[in-house]
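run-v8.txt, holding compact mmCIF, N, CA and C atoms:
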# COMPACT_ATOMS: atom_id res chain seq x y z
N MET A 1 17.46 -111.51 -40.71
CA MET A 1 17.37 -110.22 -40.07
C MET A 1 17.47 -109.15 -41.14
N SER A 2 16.55 -108.21 -41.13
CA SER A 2 16.54 -107.16 -42.14
C SER A 2 17.44 -106.00 -41.72
N MET A 3 17.70 -105.14 -42.69
CA MET A 3 18.51 -103.95 -42.41
C MET A 3 17.82 -103.05 -41.39
N PHE A 4 16.49 -103.10 -41.36
CA PHE A 4 15.76 -102.23 -40.44
C PHE A 4 15.94 -102.65 -38.99
N SER A 5 16.32 -103.90 -38.76
CA SER A 5 16.58 -104.36 -37.39
C SER A 5 17.77 -103.62 -36.78
N ILE A 6 18.67 -103.19 -37.64
CA ILE A 6 19.84 -102.44 -37.16
C ILE A 6 19.39 -101.18 -36.44
N PHE A 7 18.38 -100.51 -37.00
CA PHE A 7 17.89 -99.28 -36.37
C PHE A 7 17.26 -99.57 -35.01
N HIS A 8 16.54 -100.68 -34.92
CA HIS A 8 15.92 -101.03 -33.64
C HIS A 8 16.97 -101.39 -32.59
N ILE A 9 17.96 -102.18 -33.00
CA ILE A 9 19.00 -102.60 -32.06
C ILE A 9 19.79 -101.39 -31.57
N SER A 10 20.24 -100.56 -32.50
CA SER A 10 21.01 -99.37 -32.11
C SER A 10 20.15 -98.39 -31.32
N GLY A 11 18.89 -98.27 -31.71
CA GLY A 11 17.98 -97.37 -30.98
C GLY A 11 17.77 -97.82 -29.55
N SER A 12 17.64 -99.14 -29.35
CA SER A 12 17.47 -99.64 -27.98
C SER A 12 18.73 -99.39 -27.16
N ALA A 13 19.90 -99.51 -27.81
CA ALA A 13 21.16 -99.25 -27.11
C ALA A 13 21.30 -97.77 -26.76
N VAL A 14 20.88 -96.90 -27.66
CA VAL A 14 20.92 -95.45 -27.39
C VAL A 14 20.01 -95.11 -26.21
N SER A 15 18.83 -95.71 -26.19
CA SER A 15 17.90 -95.47 -25.09
C SER A 15 18.47 -95.96 -23.75
N ALA A 16 19.10 -97.14 -23.77
CA ALA A 16 19.69 -97.69 -22.55
C ALA A 16 20.84 -96.80 -22.06
N GLN A 17 21.69 -96.36 -22.97
CA GLN A 17 22.82 -95.51 -22.58
C GLN A 17 22.32 -94.14 -22.09
N SER A 18 21.22 -93.68 -22.62
CA SER A 18 20.63 -92.43 -22.14
C SER A 18 20.21 -92.56 -20.68
N GLN A 19 19.61 -93.68 -20.34
CA GLN A 19 19.23 -93.91 -18.94
C GLN A 19 20.46 -94.01 -18.05
N ARG A 20 21.51 -94.63 -18.59
CA ARG A 20 22.77 -94.73 -17.83
C ARG A 20 23.35 -93.34 -17.58
N LEU A 21 23.31 -92.48 -18.60
CA LEU A 21 23.81 -91.10 -18.44
C LEU A 21 22.98 -90.33 -17.41
N ASN A 22 21.67 -90.56 -17.38
CA ASN A 22 20.83 -89.91 -16.38
C ASN A 22 21.19 -90.36 -14.97
N ALA A 23 21.48 -91.65 -14.81
CA ALA A 23 21.88 -92.16 -13.49
C ALA A 23 23.21 -91.55 -13.06
N VAL A 24 24.15 -91.44 -14.00
CA VAL A 24 25.45 -90.83 -13.70
C VAL A 24 25.26 -89.37 -13.28
N ALA A 25 24.40 -88.65 -14.00
CA ALA A 25 24.15 -87.25 -13.66
C ALA A 25 23.55 -87.12 -12.26
N SER A 26 22.63 -88.01 -11.93
CA SER A 26 22.04 -88.00 -10.60
C SER A 26 23.08 -88.31 -9.53
N ASN A 27 23.95 -89.29 -9.82
CA ASN A 27 25.00 -89.64 -8.87
C ASN A 27 25.95 -88.46 -8.66
N MET A 28 26.37 -87.83 -9.74
CA MET A 28 27.30 -86.70 -9.64
C MET A 28 26.67 -85.53 -8.88
N ALA A 29 25.39 -85.31 -9.10
CA ALA A 29 24.71 -84.21 -8.42
C ALA A 29 24.63 -84.45 -6.91
N ASN A 30 24.65 -85.70 -6.50
CA ASN A 30 24.54 -86.04 -5.09
C ASN A 30 25.85 -86.52 -4.47
N ALA A 31 26.96 -86.28 -5.15
CA ALA A 31 28.25 -86.79 -4.70
C ALA A 31 28.65 -86.26 -3.32
N ASP A 32 28.32 -85.05 -3.01
CA ASP A 32 28.75 -84.46 -1.74
C ASP A 32 27.60 -84.19 -0.78
N THR A 33 26.50 -84.90 -0.98
CA THR A 33 25.37 -84.71 -0.06
C THR A 33 25.61 -85.49 1.22
N VAL A 34 24.97 -85.06 2.28
CA VAL A 34 25.10 -85.72 3.58
C VAL A 34 23.79 -86.40 3.93
N ALA A 35 23.86 -87.28 4.91
CA ALA A 35 22.66 -87.99 5.36
C ALA A 35 21.64 -87.00 5.88
N GLY A 36 20.40 -87.26 5.56
CA GLY A 36 19.32 -86.40 6.05
C GLY A 36 18.92 -86.76 7.47
N PRO A 37 17.80 -86.21 7.91
CA PRO A 37 17.34 -86.47 9.29
C PRO A 37 17.07 -87.95 9.57
N ASP A 38 16.79 -88.72 8.50
CA ASP A 38 16.54 -90.15 8.70
C ASP A 38 17.83 -90.94 8.87
N GLY A 39 18.98 -90.29 8.71
CA GLY A 39 20.27 -90.94 8.88
C GLY A 39 20.76 -91.68 7.65
N GLN A 40 20.00 -91.63 6.57
CA GLN A 40 20.36 -92.33 5.34
C GLN A 40 20.95 -91.35 4.32
N ALA A 41 22.13 -91.66 3.84
CA ALA A 41 22.77 -90.85 2.81
C ALA A 41 22.38 -91.38 1.44
N TYR A 42 22.54 -90.54 0.42
CA TYR A 42 22.27 -90.94 -0.96
C TYR A 42 23.18 -92.11 -1.33
N LYS A 43 22.63 -93.10 -2.03
CA LYS A 43 23.41 -94.25 -2.49
C LYS A 43 23.51 -94.17 -4.02
N ALA A 44 24.71 -94.39 -4.52
CA ALA A 44 24.95 -94.35 -5.97
C ALA A 44 24.08 -95.39 -6.65
N ARG A 45 23.58 -95.03 -7.84
CA ARG A 45 22.72 -95.94 -8.61
C ARG A 45 23.42 -96.36 -9.89
N GLN A 46 23.25 -97.62 -10.25
CA GLN A 46 23.83 -98.17 -11.48
C GLN A 46 22.71 -98.82 -12.30
N VAL A 47 22.68 -98.51 -13.59
CA VAL A 47 21.68 -99.09 -14.48
C VAL A 47 22.16 -100.47 -14.94
N VAL A 48 21.27 -101.44 -14.93
CA VAL A 48 21.60 -102.81 -15.33
C VAL A 48 20.96 -103.11 -16.68
N PHE A 49 21.81 -103.54 -17.64
CA PHE A 49 21.35 -103.86 -19.00
C PHE A 49 21.22 -105.37 -19.16
N GLN A 50 20.43 -105.73 -20.19
CA GLN A 50 20.33 -107.13 -20.59
C GLN A 50 20.19 -107.17 -22.10
N SER A 51 20.90 -108.11 -22.73
CA SER A 51 20.78 -108.31 -24.17
C SER A 51 19.53 -109.13 -24.44
N VAL A 52 18.83 -108.75 -25.48
CA VAL A 52 17.69 -109.54 -25.92
C VAL A 52 18.08 -110.11 -27.27
N LEU A 53 18.27 -111.43 -27.32
CA LEU A 53 18.73 -112.11 -28.53
C LEU A 53 17.56 -112.68 -29.31
N ALA A 54 17.75 -112.81 -30.61
CA ALA A 54 16.71 -113.39 -31.48
C ALA A 54 16.58 -114.87 -31.19
N GLN A 55 15.35 -115.32 -31.13
CA GLN A 55 15.07 -116.74 -30.94
C GLN A 55 14.08 -117.18 -32.02
N ASN A 56 13.95 -118.48 -32.21
CA ASN A 56 13.03 -118.98 -33.22
C ASN A 56 11.62 -118.47 -32.99
N GLY A 57 11.02 -117.96 -34.05
CA GLY A 57 9.64 -117.46 -33.97
C GLY A 57 9.52 -116.09 -33.33
N MET A 58 10.62 -115.49 -32.96
CA MET A 58 10.59 -114.19 -32.29
C MET A 58 10.56 -113.08 -33.34
N ASP A 59 9.77 -112.07 -33.09
CA ASP A 59 9.75 -110.90 -33.97
C ASP A 59 11.11 -110.23 -33.92
N GLN A 60 11.68 -109.93 -35.06
CA GLN A 60 13.03 -109.37 -35.12
C GLN A 60 13.13 -107.98 -34.48
N THR A 61 12.00 -107.31 -34.30
CA THR A 61 12.06 -105.99 -33.67
C THR A 61 12.17 -106.08 -32.15
N ASP A 62 12.16 -107.31 -31.62
CA ASP A 62 12.29 -107.48 -30.18
C ASP A 62 13.73 -107.65 -29.72
N VAL A 63 14.68 -107.69 -30.66
CA VAL A 63 16.09 -107.87 -30.28
C VAL A 63 16.69 -106.51 -29.93
N GLY A 64 17.74 -106.54 -29.11
CA GLY A 64 18.42 -105.30 -28.75
C GLY A 64 18.89 -105.31 -27.31
N VAL A 65 18.81 -104.16 -26.69
CA VAL A 65 19.24 -103.98 -25.31
C VAL A 65 18.07 -103.45 -24.52
N GLN A 66 17.90 -103.95 -23.33
CA GLN A 66 16.86 -103.40 -22.46
C GLN A 66 17.42 -103.15 -21.07
N VAL A 67 16.85 -102.18 -20.41
CA VAL A 67 17.22 -101.89 -19.02
C VAL A 67 16.33 -102.76 -18.15
N VAL A 68 16.97 -103.58 -17.31
CA VAL A 68 16.20 -104.47 -16.45
C VAL A 68 16.07 -103.94 -15.03
N GLY A 69 16.78 -102.89 -14.72
CA GLY A 69 16.64 -102.33 -13.39
C GLY A 69 17.73 -101.32 -13.06
N VAL A 70 17.56 -100.73 -11.91
CA VAL A 70 18.54 -99.80 -11.37
C VAL A 70 18.88 -100.29 -9.97
N GLN A 71 20.16 -100.53 -9.75
CA GLN A 71 20.60 -101.04 -8.45
C GLN A 71 21.29 -99.94 -7.66
N GLU A 72 21.06 -99.96 -6.36
CA GLU A 72 21.76 -99.03 -5.47
C GLU A 72 23.02 -99.69 -4.96
N ASN A 73 24.10 -98.95 -4.95
CA ASN A 73 25.37 -99.42 -4.41
C ASN A 73 25.23 -99.46 -2.88
N GLN A 74 25.49 -100.60 -2.28
CA GLN A 74 25.30 -100.76 -0.84
C GLN A 74 26.56 -100.47 -0.02
N THR A 75 27.61 -99.99 -0.68
CA THR A 75 28.83 -99.62 0.04
C THR A 75 28.50 -98.50 1.02
N PRO A 76 28.98 -98.57 2.26
CA PRO A 76 28.70 -97.48 3.20
C PRO A 76 29.32 -96.17 2.73
N GLY A 77 28.64 -95.08 3.04
CA GLY A 77 29.14 -93.76 2.66
C GLY A 77 30.32 -93.32 3.52
N ARG A 78 30.99 -92.28 3.06
CA ARG A 78 32.13 -91.74 3.83
C ARG A 78 31.62 -91.15 5.14
N ARG A 79 32.37 -91.39 6.19
CA ARG A 79 32.04 -90.78 7.49
C ARG A 79 33.18 -89.86 7.87
N ILE A 80 32.84 -88.60 8.12
CA ILE A 80 33.84 -87.60 8.46
C ILE A 80 33.50 -87.02 9.83
N HIS A 81 34.51 -86.94 10.67
CA HIS A 81 34.31 -86.41 12.02
C HIS A 81 34.19 -84.89 11.95
N ASP A 82 32.99 -84.41 12.25
CA ASP A 82 32.71 -82.97 12.24
C ASP A 82 31.61 -82.70 13.28
N PRO A 83 32.00 -82.69 14.57
CA PRO A 83 30.99 -82.57 15.63
C PRO A 83 30.17 -81.28 15.57
N GLY A 84 30.68 -80.25 14.90
CA GLY A 84 29.94 -78.99 14.81
C GLY A 84 28.88 -78.98 13.72
N HIS A 85 28.86 -79.98 12.86
CA HIS A 85 27.90 -80.04 11.75
C HIS A 85 26.51 -80.33 12.30
N GLN A 86 25.50 -79.67 11.75
CA GLN A 86 24.14 -79.85 12.27
C GLN A 86 23.58 -81.26 12.04
N LEU A 87 24.13 -82.00 11.09
CA LEU A 87 23.66 -83.36 10.82
C LEU A 87 24.59 -84.44 11.36
N ALA A 88 25.49 -84.06 12.27
CA ALA A 88 26.41 -85.04 12.88
C ALA A 88 25.63 -85.98 13.79
N ASP A 89 26.08 -87.23 13.82
CA ASP A 89 25.42 -88.20 14.71
C ASP A 89 25.92 -88.01 16.15
N ALA A 90 25.52 -88.88 17.05
CA ALA A 90 25.88 -88.77 18.46
C ALA A 90 27.38 -88.83 18.69
N ASP A 91 28.12 -89.52 17.79
CA ASP A 91 29.58 -89.61 17.92
C ASP A 91 30.31 -88.47 17.22
N GLY A 92 29.56 -87.55 16.60
CA GLY A 92 30.16 -86.41 15.93
C GLY A 92 30.54 -86.66 14.47
N TYR A 93 30.06 -87.76 13.88
CA TYR A 93 30.38 -88.09 12.49
C TYR A 93 29.24 -87.70 11.56
N VAL A 94 29.61 -87.21 10.39
CA VAL A 94 28.65 -86.89 9.34
C VAL A 94 28.84 -87.93 8.24
N THR A 95 27.74 -88.53 7.80
CA THR A 95 27.79 -89.56 6.75
C THR A 95 27.46 -88.92 5.40
N TYR A 96 28.39 -89.07 4.47
CA TYR A 96 28.21 -88.55 3.10
C TYR A 96 27.79 -89.68 2.18
N SER A 97 27.38 -89.33 0.96
CA SER A 97 26.98 -90.35 -0.02
C SER A 97 28.16 -91.24 -0.38
N ASN A 98 27.87 -92.38 -0.96
CA ASN A 98 28.91 -93.33 -1.35
C ASN A 98 29.32 -93.17 -2.82
N VAL A 99 29.02 -92.04 -3.41
CA VAL A 99 29.34 -91.80 -4.82
C VAL A 99 30.84 -91.57 -4.97
N ASN A 100 31.45 -92.33 -5.88
CA ASN A 100 32.86 -92.15 -6.21
C ASN A 100 32.92 -91.34 -7.50
N SER A 101 33.33 -90.09 -7.42
CA SER A 101 33.31 -89.19 -8.57
C SER A 101 34.17 -89.70 -9.73
N VAL A 102 35.30 -90.33 -9.42
CA VAL A 102 36.18 -90.84 -10.48
C VAL A 102 35.47 -91.96 -11.25
N GLU A 103 34.86 -92.89 -10.53
CA GLU A 103 34.12 -93.98 -11.18
C GLU A 103 32.98 -93.43 -12.03
N GLU A 104 32.31 -92.42 -11.51
CA GLU A 104 31.18 -91.84 -12.24
C GLU A 104 31.64 -91.14 -13.53
N MET A 105 32.80 -90.51 -13.47
CA MET A 105 33.33 -89.87 -14.68
C MET A 105 33.67 -90.93 -15.73
N VAL A 106 34.23 -92.06 -15.29
CA VAL A 106 34.53 -93.16 -16.22
C VAL A 106 33.23 -93.70 -16.81
N ASN A 107 32.20 -93.88 -15.98
CA ASN A 107 30.90 -94.34 -16.47
C ASN A 107 30.31 -93.36 -17.47
N MET A 108 30.47 -92.07 -17.20
CA MET A 108 29.93 -91.05 -18.09
C MET A 108 30.62 -91.10 -19.45
N ILE A 109 31.94 -91.21 -19.45
CA ILE A 109 32.69 -91.28 -20.71
C ILE A 109 32.31 -92.53 -21.49
N SER A 110 32.23 -93.66 -20.79
CA SER A 110 31.87 -94.92 -21.44
C SER A 110 30.46 -94.86 -22.04
N ALA A 111 29.50 -94.37 -21.28
CA ALA A 111 28.12 -94.28 -21.77
C ALA A 111 28.03 -93.31 -22.94
N SER A 112 28.73 -92.19 -22.84
CA SER A 112 28.71 -91.19 -23.90
C SER A 112 29.28 -91.76 -25.21
N ARG A 113 30.36 -92.49 -25.10
CA ARG A 113 30.97 -93.09 -26.31
C ARG A 113 30.08 -94.17 -26.89
N SER A 114 29.47 -94.98 -26.06
CA SER A 114 28.55 -96.00 -26.56
C SER A 114 27.36 -95.35 -27.26
N TYR A 115 26.86 -94.29 -26.67
CA TYR A 115 25.75 -93.54 -27.26
C TYR A 115 26.16 -93.03 -28.65
N GLN A 116 27.32 -92.39 -28.73
CA GLN A 116 27.81 -91.86 -30.01
C GLN A 116 28.03 -92.98 -31.02
N ASN A 117 28.61 -94.09 -30.61
CA ASN A 117 28.86 -95.21 -31.52
C ASN A 117 27.57 -95.76 -32.10
N ASN A 118 26.54 -95.87 -31.29
CA ASN A 118 25.27 -96.38 -31.79
C ASN A 118 24.59 -95.39 -32.73
N LEU A 119 24.75 -94.11 -32.48
CA LEU A 119 24.24 -93.12 -33.44
C LEU A 119 24.98 -93.23 -34.76
N GLU A 120 26.28 -93.49 -34.69
CA GLU A 120 27.09 -93.67 -35.90
C GLU A 120 26.65 -94.91 -36.68
N VAL A 121 26.33 -95.98 -35.96
CA VAL A 121 25.83 -97.20 -36.62
C VAL A 121 24.55 -96.89 -37.39
N MET A 122 23.64 -96.16 -36.75
CA MET A 122 22.39 -95.81 -37.42
C MET A 122 22.64 -94.92 -38.64
N GLY A 123 23.56 -93.99 -38.52
CA GLY A 123 23.90 -93.12 -39.65
C GLY A 123 24.50 -93.91 -40.80
N THR A 124 25.37 -94.86 -40.50
CA THR A 124 25.98 -95.70 -41.54
C THR A 124 24.93 -96.57 -42.21
N ALA A 125 24.03 -97.16 -41.43
CA ALA A 125 22.97 -97.99 -41.99
C ALA A 125 22.06 -97.16 -42.90
N LYS A 126 21.75 -95.97 -42.47
CA LYS A 126 20.92 -95.07 -43.30
C LYS A 126 21.62 -94.77 -44.61
N SER A 127 22.89 -94.46 -44.54
CA SER A 127 23.67 -94.16 -45.74
C SER A 127 23.70 -95.35 -46.69
N LEU A 128 23.89 -96.55 -46.16
CA LEU A 128 23.90 -97.76 -46.99
C LEU A 128 22.55 -98.01 -47.64
N LEU A 129 21.48 -97.79 -46.90
CA LEU A 129 20.15 -97.97 -47.47
C LEU A 129 19.89 -96.97 -48.59
N LEU A 130 20.32 -95.72 -48.40
CA LEU A 130 20.15 -94.71 -49.44
C LEU A 130 20.96 -95.06 -50.69
N LYS A 131 22.17 -95.56 -50.51
CA LYS A 131 23.00 -95.97 -51.65
C LYS A 131 22.34 -97.13 -52.39
N THR A 132 21.76 -98.06 -51.64
CA THR A 132 21.07 -99.20 -52.25
C THR A 132 19.89 -98.71 -53.10
N LEU A 133 19.14 -97.74 -52.58
CA LEU A 133 18.01 -97.18 -53.33
C LEU A 133 18.49 -96.45 -54.59
N GLN A 134 19.61 -95.76 -54.48
CA GLN A 134 20.15 -95.04 -55.64
C GLN A 134 20.62 -96.02 -56.71
N MET A 135 21.13 -97.18 -56.30
CA MET A 135 21.56 -98.18 -57.27
C MET A 135 20.37 -98.70 -58.07
N GLY A 136 19.21 -98.80 -57.43
CA GLY A 136 18.01 -99.27 -58.10
C GLY A 136 17.45 -98.27 -59.09
N GLN A 137 17.80 -97.00 -58.94
CA GLN A 137 17.32 -95.96 -59.83
C GLN A 137 18.10 -95.91 -61.15
N GLY A 138 19.36 -96.30 -61.10
CA GLY A 138 20.22 -96.16 -62.27
C GLY A 138 20.20 -97.32 -63.13
Would you write the structure of this file as structure tokens?
Amino acid sequence: MSMFSIFHISGSAVSAQSQRLNAVASNMANADTVAGPDGQAYKARQVVFQSVLAQNGMDQTDVGVQVVGVQENQTPGRRIHDPGHQLADADGYVTYSNVNSVEEMVNMISASRSYQNNLEVMGTAKSLLLKTLQMGQG
């Protein structure tokens, strides 16, 4: 594995964490939304990652992290009794999204730190490559 594979691996991780941050932002934006006329409330989304490991005969630029999908959380949303609400059902309940703001904040912090760590890995690899080139000059 060459030093340049480090950039590909970290870059794929940065891209994956970026998608995770976008999902968290979408979830947070819809945390207090209510079910629409179709009766369906917003469902929290989670990005699913998969490691791609090197195998015999595999191009080394194919290793890293990839997003394999986005799953919707199937937990039922909060139901609050508010018969005066325009979107209340026949029993007087309003269904809100199933987004848990605390969990989303934890996901955001985790994704942000992973993103930063992978940028740091790329910066360190760049610095090491530059030092190696400088050694060859002297």
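Here atom C of Ala90 in chain A is placed at a distance of 16.0 Å from atom N of Ala41 in chain A.
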So the first atom is CA of Asn118 in chain A and the second is CA of Asn30 in chain A; what is the distance between them in Å, to one decimal place?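 Answer for the CA of Asn118 in chain A to CA of Asn30 in chain A separation: 28.6 Å.
Between Ser10 in chain A and the candidates A:Asn100, A:Ser51, A:Thr75, A:Thr95, the tightest atom-to-atom separation, counting only C-alpha atoms, involves A:Ser51.
The two atoms in question, CA of Gly11 in chain A and atom C of Val24 in chain A, are spaced 20.7 Å apart.
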Best match for closeness to Glu72 in chain A among A:Gln86, A:Gln46, A:Asn27, A:Asn22, counting all atoms listed in the file: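 Looking only at the distances to Glu72 in chain A, the closest residue turns out to be A:Gln46.
Nearest to Asp32 in chain A of all the residues A:Met122, A:Ala111, A:Val99, A:Val68 is A:Val99, based on all atoms listed in the file.
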Nearest-residue call for Leu119 in chain A, choices A:Ser5, A:Asp82, A:Gln71, A:Ala13, using only N, CA and C atoms: A:Ala13
Using all atoms listed in the file for the distances, tell me which of A:Met3, A:Val94, A:Val63, A:Val70 is nearest to Val48 in chain A. A:Val70
Which residue out of A:Leu87, A:Leu129, A:Ala54, A:Ile6 has the minimum interatomic distance to Val34 in chain A when all atoms listed in the file are used?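 Checking each candidate against Val34 in chain A, we get A:Leu87 as the closest.
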List every residue of range 39-120 of chain A that DSSP, applied to the backbone of this structure, assigns to alpha helix (DSSP H), and report them as a list in words.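 Here are the alpha helix (DSSP H) residues of range 39-120 of chain A: Ser101, Val102, Glu103, Glu104, Met105, Val106, Asn107, Met108, Ile109, Ser110, Ala111, Ser112, Arg113, Ser114, Tyr115, Gln116, Asn117, Asn118, Leu119 and Glu120 of chain A.
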